[in-house]
Amino acid sequence: MAQIRFYQSLWATEKRRAGVPELPFGDRFDAVKEAGFHGVALDLGAFDLTAARTCAREYARTGLSGLLTAFPTSIEALRPALHLAKDIGAPFVIVVGQVMPLAVHDMISVVREWLRVATEESMPIQFETHRNCITNDLFATLQLLEAVPEMRLSADLSHYVVEREMMQPITVEMQNYVVRVLRRSDSFQGRIATRNQIQVPIAFPQHRDWLETFLGWWREGFRLWRSRSPGEDLVFLCELGPPNYAITDANGDELSDRWQEALELKRLAGTLWRETQQ
């Protein structure tokens, strides 16, 4: 039976507290495994290739699955990331493309070239819905999806909530746009945003409407995935970033416990996945 496979971002395990050293990678891998995640995702925006390669032994030691997010600054810059993804057993690579033409027409050729490299390396790629990259704009991305039918997405919808400054309640038009994204999304990323903040504490009552909005989107995304990919596992990546993604107070302390929030998002997504089986 198909299952939802939960990954925790290694970048999201950073504390970034003044005077407090970060835990070694090995300790972080152990904590992720103990919490019941299936794997760890490496973010090449946070670690260079050399540092990321040192994690290969942690995957082998813990038995956790790999996942990789790449930030290629050219067409060929994607290739080394695809090689690393094979080394850590990643099912695909998430691409946050740093080649950003102004015109959609020019974006199309860039996307197709990255898809060509992925085919040559026999490593699937998914383009993350992310700001400051080729999919920065929701409307441009929708045009890309029409022009490149083989383009698949990794849905981090928090970026489009901020990029479009979506308001509550979500309009019918905007909801339809999001569903078009969900139809092409082959993995999902866990983060709750509001129209002005990319990552907010999920337990605060003022954010309840946004939590419910994201849960509704994930539920629909899971349903669509099951309908087009019956019997296949789905990847859900918990990626609650450290400051400055995480909001801090005047002393620089975070307003919530990101680790506990990641576990709660894992629980909530698991419930949604089971609901789509009914």
# chains A, B, ... in the order shown; residues from 1 in each chain; ligands from 1
>>> closest_atom_pairs(of="segment 252-272 of chain A", to="segment 214-225 of chain A", cutoff="9 Å", atoms="only C-alpha atoms", output="CSV")
residue,atom,partner,partner_atom,distance
A:Leu268,CA,A:Leu215,CA,7.9
A:Ala269,CA,A:Trp218,CA,7.6
A:Leu272,CA,A:Arg219,CA,5.6
>>> residues_around(residues="segment 149-156 of chain A", least_positions_apart="3", cutoff="6 Å", atoms="only C-alpha atoms", output="ChimeraX atom specification")
/A:126-129,145,184-189
>>> residues_around(residues="segment 160-167 of chain A", least_positions_apart="3", cutoff="6 Å", atoms="only C-alpha atoms", output="mmCIF file with N, CA, C and O atoms, in the first residue's frame")
data_model
loop_
_atom_site.group_PDB
_atom_site.id
_atom_site.type_symbol
_atom_site.label_atom_id
_atom_site.label_comp_id
_atom_site.auth_asym_id
_atom_site.auth_seq_id
_atom_site.Cartn_x
_atom_site.Cartn_y
_atom_site.Cartn_z
ATOM 1 N N LEU A 157 3.855 25.996 -0.959
ATOM 2 C CA LEU A 157 2.880 27.033 -1.277
ATOM 3 C C LEU A 157 3.054 28.287 -0.444
ATOM 4 O O LEU A 157 2.477 29.331 -0.758
ATOM 5 N N ILE A 170 -9.491 33.103 0.976
ATOM 6 C CA ILE A 170 -8.878 32.930 -0.336
ATOM 7 C C ILE A 170 -9.954 33.049 -1.404
ATOM 8 O O ILE A 170 -11.004 32.412 -1.318
ATOM 9 N N ARG A 195 -0.006 36.243 4.460
ATOM 10 C CA ARG A 195 0.251 37.090 3.288
ATOM 11 C C ARG A 195 1.517 37.936 3.425
ATOM 12 O O ARG A 195 2.078 38.388 2.426
ATOM 13 N N ASN A 196 2.009 38.143 4.654
ATOM 14 C CA ASN A 196 3.179 38.984 4.856
ATOM 15 C C ASN A 196 4.352 38.291 5.526
ATOM 16 O O ASN A 196 5.420 38.896 5.664
#
>>> select_by_dssp(residues="segment 36-234 of chain A", states="alpha helix (DSSP H)", output="ChimeraX atom specification")
/A:49-53,56-62,78-87,104-120,138-147,158-163,172-182,208-228
>>> atom_distance(atom1="atom CA of Gln206 of chain A", atom2="atom CA of Asn244 of chain A")
20.5 Å
>>> select_by_dssp(residues="segment 124-238 of chain A", states="strand (DSSP E)", output="list in words")
Ile125, Gln126, Phe127, Glu128, Leu153, Ser154, Ala155, Ser185, Asp186, Ser187, Phe188, Gln189, Gly190, Leu234, Val235, Phe236, Leu237 and Cys238 of chain A
>>> atom_distance(atom1="atom CA of Val93 of chain A", atom2="atom CA of Leu68 of chain A")
5.2 Å
>>> residues_around(residues="segment 108-113 of chain A", least_positions_apart="3", cutoff="12 Å", atoms="only C-alpha atoms", output="PyMOL selection string")
chain A and resi 72-79+95-105+116-120+125-127+133-135+140-153
>>> write_last_selection(atoms="C-alpha atoms", output="PDB file, in the first residue's frame")
ATOM      1  CA  PRO A  72      21.847  25.687  -9.912  1.00  0.00           C
ATOM      2  CA  THR A  73      23.184  28.984 -11.263  1.00  0.00           C
ATOM      3  CA  SER A  74      23.576  27.590 -14.785  1.00  0.00           C
ATOM      4  CA  ILE A  75      22.305  24.651 -16.796  1.00  0.00           C
ATOM      5  CA  GLU A  76      25.375  22.499 -16.166  1.00  0.00           C
ATOM      6  CA  ALA A  77      25.585  23.493 -12.501  1.00  0.00           C
ATOM      7  CA  LEU A  78      22.703  21.097 -11.895  1.00  0.00           C
ATOM      8  CA  ARG A  79      24.722  18.041 -12.888  1.00  0.00           C
ATOM      9  CA  VAL A  95      15.371  22.450  -8.157  1.00  0.00           C
ATOM     10  CA  VAL A  96      15.321  26.085  -7.062  1.00  0.00           C
ATOM     11  CA  GLY A  97      16.605  27.412 -10.363  1.00  0.00           C
ATOM     12  CA  GLN A  98      18.823  30.483 -10.141  1.00  0.00           C
ATOM     13  CA  VAL A  99      18.696  31.191 -13.874  1.00  0.00           C
ATOM     14  CA  MET A 100      15.825  33.675 -14.038  1.00  0.00           C
ATOM     15  CA  PRO A 101      14.984  35.202 -17.432  1.00  0.00           C
ATOM     16  CA  LEU A 102      12.511  38.064 -17.391  1.00  0.00           C
ATOM     17  CA  ALA A 103      10.248  36.661 -20.101  1.00  0.00           C
ATOM     18  CA  VAL A 104       8.309  33.413 -19.815  1.00  0.00           C
ATOM     19  CA  HIS A 105       9.345  32.533 -23.355  1.00  0.00           C
ATOM     20  CA  ARG A 116      17.423  17.396 -20.499  1.00  0.00           C
ATOM     21  CA  VAL A 117      20.300  17.213 -18.015  1.00  0.00           C
ATOM     22  CA  ALA A 118      18.091  15.295 -15.576  1.00  0.00           C
ATOM     23  CA  THR A 119      17.213  12.783 -18.296  1.00  0.00           C
ATOM     24  CA  GLU A 120      20.870  12.363 -19.233  1.00  0.00           C
ATOM     25  CA  ILE A 125      13.757  16.657 -10.924  1.00  0.00           C
ATOM     26  CA  GLN A 126      10.929  18.721  -9.506  1.00  0.00           C
ATOM     27  CA  PHE A 127      10.879  22.507  -9.623  1.00  0.00           C
ATOM     28  CA  CYS A 133      14.158  31.667  -8.647  1.00  0.00           C
ATOM     29  CA  ILE A 134      12.682  30.731 -12.014  1.00  0.00           C
ATOM     30  CA  THR A 135       9.332  29.837 -10.401  1.00  0.00           C
ATOM     31  CA  ALA A 140       4.606  32.871 -14.757  1.00  0.00           C
ATOM     32  CA  THR A 141       4.779  29.362 -13.307  1.00  0.00           C
ATOM     33  CA  LEU A 142       1.261  28.600 -14.495  1.00  0.00           C
ATOM     34  CA  GLN A 143       2.333  29.624 -18.000  1.00  0.00           C
ATOM     35  CA  LEU A 144       5.430  27.431 -17.727  1.00  0.00           C
ATOM     36  CA  LEU A 145       3.272  24.458 -16.778  1.00  0.00           C
ATOM     37  CA  GLU A 146       1.166  24.963 -19.889  1.00  0.00           C
ATOM     38  CA  ALA A 147       4.223  25.276 -22.133  1.00  0.00           C
ATOM     39  CA  VAL A 148       6.217  22.374 -20.651  1.00  0.00           C
ATOM     40  CA  PRO A 149       3.855  19.441 -19.939  1.00  0.00           C
ATOM     41  CA  GLU A 150       6.665  17.305 -18.490  1.00  0.00           C
ATOM     42  CA  MET A 151       7.528  19.927 -15.842  1.00  0.00           C
ATOM     43  CA  ARG A 152       6.722  18.686 -12.331  1.00  0.00           C
ATOM     44  CA  LEU A 153       6.621  20.704  -9.110  1.00  0.00           C
TER      45      LEU A 153
END
>>> residues_around(residues="Asp48 of chain A", least_positions_apart="3", cutoff="12 Å", atoms="only C-alpha atoms", output="list in words")
Trp11, Leu42, Asp43, Leu44, Gly45, Ala51, Ala52, Arg53, Thr54, Cys55, Leu68, Thr69, Ala70, Phe71, Pro72, Pro80, Ala81 and Leu84 of chain A
>>> write_last_selection(atoms="all heavy atoms", output="short mmCIF file (atom, residue, chain, number, x, y, z; two decimals), in the first residue's frame")
data_model
loop_
_atom_site.label_atom_id
_atom_site.label_comp_id
_atom_site.auth_asym_id
_atom_site.auth_seq_id
_atom_site.Cartn_x
_atom_site.Cartn_y
_atom_site.Cartn_z
N TRP A 11 18.82 21.57 7.09
CA TRP A 11 18.91 23.02 7.32
C TRP A 11 17.96 23.43 8.45
O TRP A 11 18.31 24.27 9.29
CB TRP A 11 18.55 23.74 6.02
CG TRP A 11 18.28 25.21 6.13
CD1 TRP A 11 19.16 26.18 6.51
CD2 TRP A 11 17.04 25.87 5.85
NE1 TRP A 11 18.55 27.42 6.46
CE2 TRP A 11 17.24 27.25 6.06
CE3 TRP A 11 15.78 25.44 5.42
CZ2 TRP A 11 16.24 28.19 5.88
CZ3 TRP A 11 14.78 26.37 5.24
CH2 TRP A 11 15.00 27.74 5.46
N LEU A 42 18.92 17.40 2.19
CA LEU A 42 20.04 18.34 2.18
C LEU A 42 19.68 19.52 1.29
O LEU A 42 19.12 19.36 0.20
CB LEU A 42 21.31 17.67 1.63
CG LEU A 42 21.82 16.44 2.39
CD1 LEU A 42 23.09 15.93 1.72
CD2 LEU A 42 22.07 16.77 3.85
N ASP A 43 20.03 20.70 1.74
CA ASP A 43 19.72 21.94 1.04
C ASP A 43 21.04 22.58 0.60
O ASP A 43 21.81 23.06 1.44
CB ASP A 43 18.95 22.87 1.98
CG ASP A 43 18.43 24.11 1.31
OD1 ASP A 43 19.11 24.63 0.41
OD2 ASP A 43 17.35 24.59 1.70
N LEU A 44 21.30 22.59 -0.70
CA LEU A 44 22.56 23.14 -1.19
C LEU A 44 22.57 24.66 -1.18
O LEU A 44 23.57 25.27 -1.58
CB LEU A 44 22.86 22.61 -2.59
CG LEU A 44 23.14 21.10 -2.66
CD1 LEU A 44 23.47 20.67 -4.10
CD2 LEU A 44 24.25 20.69 -1.71
N GLY A 45 21.49 25.27 -0.70
CA GLY A 45 21.52 26.70 -0.41
C GLY A 45 22.10 26.97 0.96
O GLY A 45 22.54 28.08 1.25
N ALA A 51 30.48 19.96 1.96
CA ALA A 51 29.87 19.66 3.25
C ALA A 51 28.76 18.64 3.10
O ALA A 51 28.60 17.73 3.92
CB ALA A 51 29.35 20.94 3.90
N ALA A 52 27.98 18.79 2.03
CA ALA A 52 26.86 17.87 1.82
C ALA A 52 27.35 16.44 1.59
O ALA A 52 26.74 15.49 2.07
CB ALA A 52 26.02 18.34 0.64
N ARG A 53 28.47 16.30 0.90
CA ARG A 53 28.99 14.96 0.61
C ARG A 53 29.39 14.22 1.89
O ARG A 53 29.36 13.00 1.94
CB ARG A 53 30.17 15.05 -0.35
CG ARG A 53 29.79 15.39 -1.77
CD ARG A 53 30.97 15.19 -2.74
NE ARG A 53 30.61 15.60 -4.09
CZ ARG A 53 30.99 16.74 -4.67
NH1 ARG A 53 31.75 17.59 -3.98
NH2 ARG A 53 30.61 17.04 -5.89
N THR A 54 29.78 14.97 2.92
CA THR A 54 30.17 14.31 4.16
C THR A 54 28.99 13.61 4.83
O THR A 54 29.18 12.78 5.72
CB THR A 54 30.79 15.31 5.14
OG1 THR A 54 29.78 16.24 5.58
CG2 THR A 54 31.94 16.07 4.52
N CYS A 55 27.77 13.96 4.41
CA CYS A 55 26.58 13.35 5.01
C CYS A 55 26.31 11.95 4.46
O CYS A 55 25.47 11.24 5.03
CB CYS A 55 25.36 14.23 4.78
SG CYS A 55 25.39 15.77 5.71
N LEU A 68 17.43 15.89 -1.89
CA LEU A 68 18.36 16.99 -2.17
C LEU A 68 17.62 18.15 -2.83
O LEU A 68 16.81 17.94 -3.74
CB LEU A 68 19.47 16.50 -3.10
CG LEU A 68 20.64 17.47 -3.31
CD1 LEU A 68 21.49 17.58 -2.06
CD2 LEU A 68 21.51 17.00 -4.48
N THR A 69 17.92 19.36 -2.36
CA THR A 69 17.45 20.58 -3.01
C THR A 69 18.66 21.31 -3.59
O THR A 69 19.61 21.61 -2.86
CB THR A 69 16.72 21.50 -2.01
OG1 THR A 69 15.59 20.81 -1.47
CG2 THR A 69 16.23 22.76 -2.70
N ALA A 70 18.60 21.57 -4.88
CA ALA A 70 19.72 22.20 -5.59
C ALA A 70 19.35 23.62 -6.01
O ALA A 70 18.17 23.91 -6.28
CB ALA A 70 20.10 21.38 -6.82
N PHE A 71 20.35 24.48 -6.08
CA PHE A 71 20.18 25.88 -6.48
C PHE A 71 21.10 26.18 -7.67
O PHE A 71 22.02 27.00 -7.55
CB PHE A 71 20.49 26.81 -5.31
CG PHE A 71 19.52 26.75 -4.17
CD1 PHE A 71 19.46 25.65 -3.33
CD2 PHE A 71 18.65 27.80 -3.93
CE1 PHE A 71 18.56 25.58 -2.29
CE2 PHE A 71 17.74 27.76 -2.88
CZ PHE A 71 17.70 26.64 -2.06
N PRO A 72 20.90 25.54 -8.80
CA PRO A 72 21.85 25.69 -9.91
C PRO A 72 21.85 27.10 -10.49
O PRO A 72 20.79 27.68 -10.76
CB PRO A 72 21.35 24.67 -10.93
CG PRO A 72 19.88 24.52 -10.64
CD PRO A 72 19.78 24.64 -9.15
N PRO A 80 26.33 18.25 -10.99
CA PRO A 80 26.96 17.71 -9.77
C PRO A 80 25.95 17.40 -8.67
O PRO A 80 26.13 16.44 -7.90
CB PRO A 80 27.92 18.83 -9.34
CG PRO A 80 28.18 19.62 -10.58
CD PRO A 80 26.91 19.56 -11.36
N ALA A 81 24.90 18.19 -8.58
CA ALA A 81 23.86 17.92 -7.57
C ALA A 81 23.15 16.62 -7.87
O ALA A 81 22.82 15.85 -6.95
CB ALA A 81 22.87 19.08 -7.53
N LEU A 84 25.35 13.82 -6.63
CA LEU A 84 25.26 13.67 -5.18
C LEU A 84 23.95 12.99 -4.78
O LEU A 84 23.92 12.16 -3.88
CB LEU A 84 25.39 15.03 -4.51
CG LEU A 84 25.18 15.05 -2.99
CD1 LEU A 84 26.19 14.14 -2.27
CD2 LEU A 84 25.27 16.49 -2.45
#
>>> residues_around(residues="Ala246 of chain A", least_positions_apart="2", cutoff="10 Å", atoms="only C-alpha atoms", output="PyMOL selection string")
chain A and resi 12+197-201+240-244+248+253-258
>>> write_last_selection(atoms="N, CA and C atoms", output="PDB file, in the first residue's frame")
ATOM      1  N   ALA A  12      16.783  22.822   8.498  1.00  0.00           N
ATOM      2  CA  ALA A  12      15.795  23.181   9.505  1.00  0.00           C
ATOM      3  C   ALA A  12      16.183  22.726  10.908  1.00  0.00           C
ATOM      4  N   GLN A 197       4.177  37.045   5.941  1.00  0.00           N
ATOM      5  CA  GLN A 197       5.246  36.353   6.664  1.00  0.00           C
ATOM      6  C   GLN A 197       5.377  34.934   6.130  1.00  0.00           C
ATOM      7  N   ILE A 198       6.587  34.556   5.790  1.00  0.00           N
ATOM      8  CA  ILE A 198       6.809  33.282   5.114  1.00  0.00           C
ATOM      9  C   ILE A 198       6.661  32.083   6.043  1.00  0.00           C
ATOM     10  N   GLN A 199       6.891  32.254   7.344  1.00  0.00           N
ATOM     11  CA  GLN A 199       6.830  31.119   8.270  1.00  0.00           C
ATOM     12  C   GLN A 199       6.356  31.605   9.624  1.00  0.00           C
ATOM     13  N   VAL A 200       5.190  31.137  10.029  1.00  0.00           N
ATOM     14  CA  VAL A 200       4.614  31.600  11.283  1.00  0.00           C
ATOM     15  C   VAL A 200       4.402  30.423  12.236  1.00  0.00           C
ATOM     16  N   PRO A 201       4.396  30.674  13.544  1.00  0.00           N
ATOM     17  CA  PRO A 201       4.097  29.616  14.514  1.00  0.00           C
ATOM     18  C   PRO A 201       2.695  29.058  14.284  1.00  0.00           C
ATOM     19  N   LEU A 240      10.902  23.764   8.236  1.00  0.00           N
ATOM     20  CA  LEU A 240      10.733  24.976   9.027  1.00  0.00           C
ATOM     21  C   LEU A 240      12.112  25.577   9.285  1.00  0.00           C
ATOM     22  N   GLY A 241      12.409  26.622   8.547  1.00  0.00           N
ATOM     23  CA  GLY A 241      13.759  27.164   8.556  1.00  0.00           C
ATOM     24  C   GLY A 241      14.113  27.920   9.826  1.00  0.00           C
ATOM     25  N   PRO A 242      15.420  28.002  10.122  1.00  0.00           N
ATOM     26  CA  PRO A 242      15.900  28.771  11.270  1.00  0.00           C
ATOM     27  C   PRO A 242      15.776  30.267  10.988  1.00  0.00           C
ATOM     28  N   PRO A 243      16.018  31.124  11.984  1.00  0.00           N
ATOM     29  CA  PRO A 243      16.034  32.562  11.705  1.00  0.00           C
ATOM     30  C   PRO A 243      16.991  32.865  10.539  1.00  0.00           C
ATOM     31  N   ASN A 244      16.610  33.706   9.629  1.00  0.00           N
ATOM     32  CA  ASN A 244      15.525  34.671   9.696  1.00  0.00           C
ATOM     33  C   ASN A 244      14.185  34.177   9.136  1.00  0.00           C
ATOM     34  N   THR A 248      11.601  35.962  15.360  1.00  0.00           N
ATOM     35  CA  THR A 248      12.257  36.083  16.657  1.00  0.00           C
ATOM     36  C   THR A 248      11.771  37.316  17.394  1.00  0.00           C
ATOM     37  N   ASP A 253      15.333  35.489  20.218  1.00  0.00           N
ATOM     38  CA  ASP A 253      14.830  34.152  20.531  1.00  0.00           C
ATOM     39  C   ASP A 253      13.600  33.847  19.681  1.00  0.00           C
ATOM     40  N   GLU A 254      13.511  32.613  19.218  1.00  0.00           N
ATOM     41  CA  GLU A 254      12.370  32.210  18.393  1.00  0.00           C
ATOM     42  C   GLU A 254      11.088  32.191  19.205  1.00  0.00           C
ATOM     43  N   LEU A 255       9.976  32.439  18.532  1.00  0.00           N
ATOM     44  CA  LEU A 255       8.681  32.520  19.199  1.00  0.00           C
ATOM     45  C   LEU A 255       8.055  31.153  19.417  1.00  0.00           C
ATOM     46  N   SER A 256       8.597  30.122  18.793  1.00  0.00           N
ATOM     47  CA  SER A 256       8.011  28.793  18.937  1.00  0.00           C
ATOM     48  C   SER A 256       9.113  27.752  18.792  1.00  0.00           C
ATOM     49  N   ASP A 257       8.773  26.506  19.086  1.00  0.00           N
ATOM     50  CA  ASP A 257       9.706  25.382  19.015  1.00  0.00           C
ATOM     51  C   ASP A 257       9.555  24.725  17.646  1.00  0.00           C
ATOM     52  N   ARG A 258      10.483  24.993  16.750  1.00  0.00           N
ATOM     53  CA  ARG A 258      10.359  24.488  15.374  1.00  0.00           C
ATOM     54  C   ARG A 258      10.378  22.965  15.303  1.00  0.00           C
TER      55      ARG A 258
END
>>> atom_distance(atom1="atom CA of Asp233 of chain A", atom2="atom CA of Glu261 of chain A")
23.2 Å
>>> residues_around(residues="Gly66 of chain A", least_positions_apart="2", cutoff="12 Å", atoms="only C-alpha atoms", output="PyMOL selection string")
chain A and resi 5-10+29+37-43+52-53+55-60+62-64+68-69+84-94+235+237
>>> closest_residue(among="A:Met123, A:Glu212, A:His207, A:Met107", to="Asp137 of chain A", atoms="only C-alpha atoms")
A:Met107
>>> closest_residue(among="A:Arg180, A:Val20, A:Trp273, A:Gly190", to="Leu234 of chain A", atoms="only C-alpha atoms")
A:Trp273
>>> closest_residue(among="A:Glu14, A:His159, A:Ile192, A:Leu265", to="Asn132 of chain A", atoms="only C-alpha atoms")
A:His159
>>> closest_residue(among="A:Leu263, A:His83, A:Arg61, A:Leu49", to="Asp27 of chain A", atoms="only C-alpha atoms")
A:Arg61
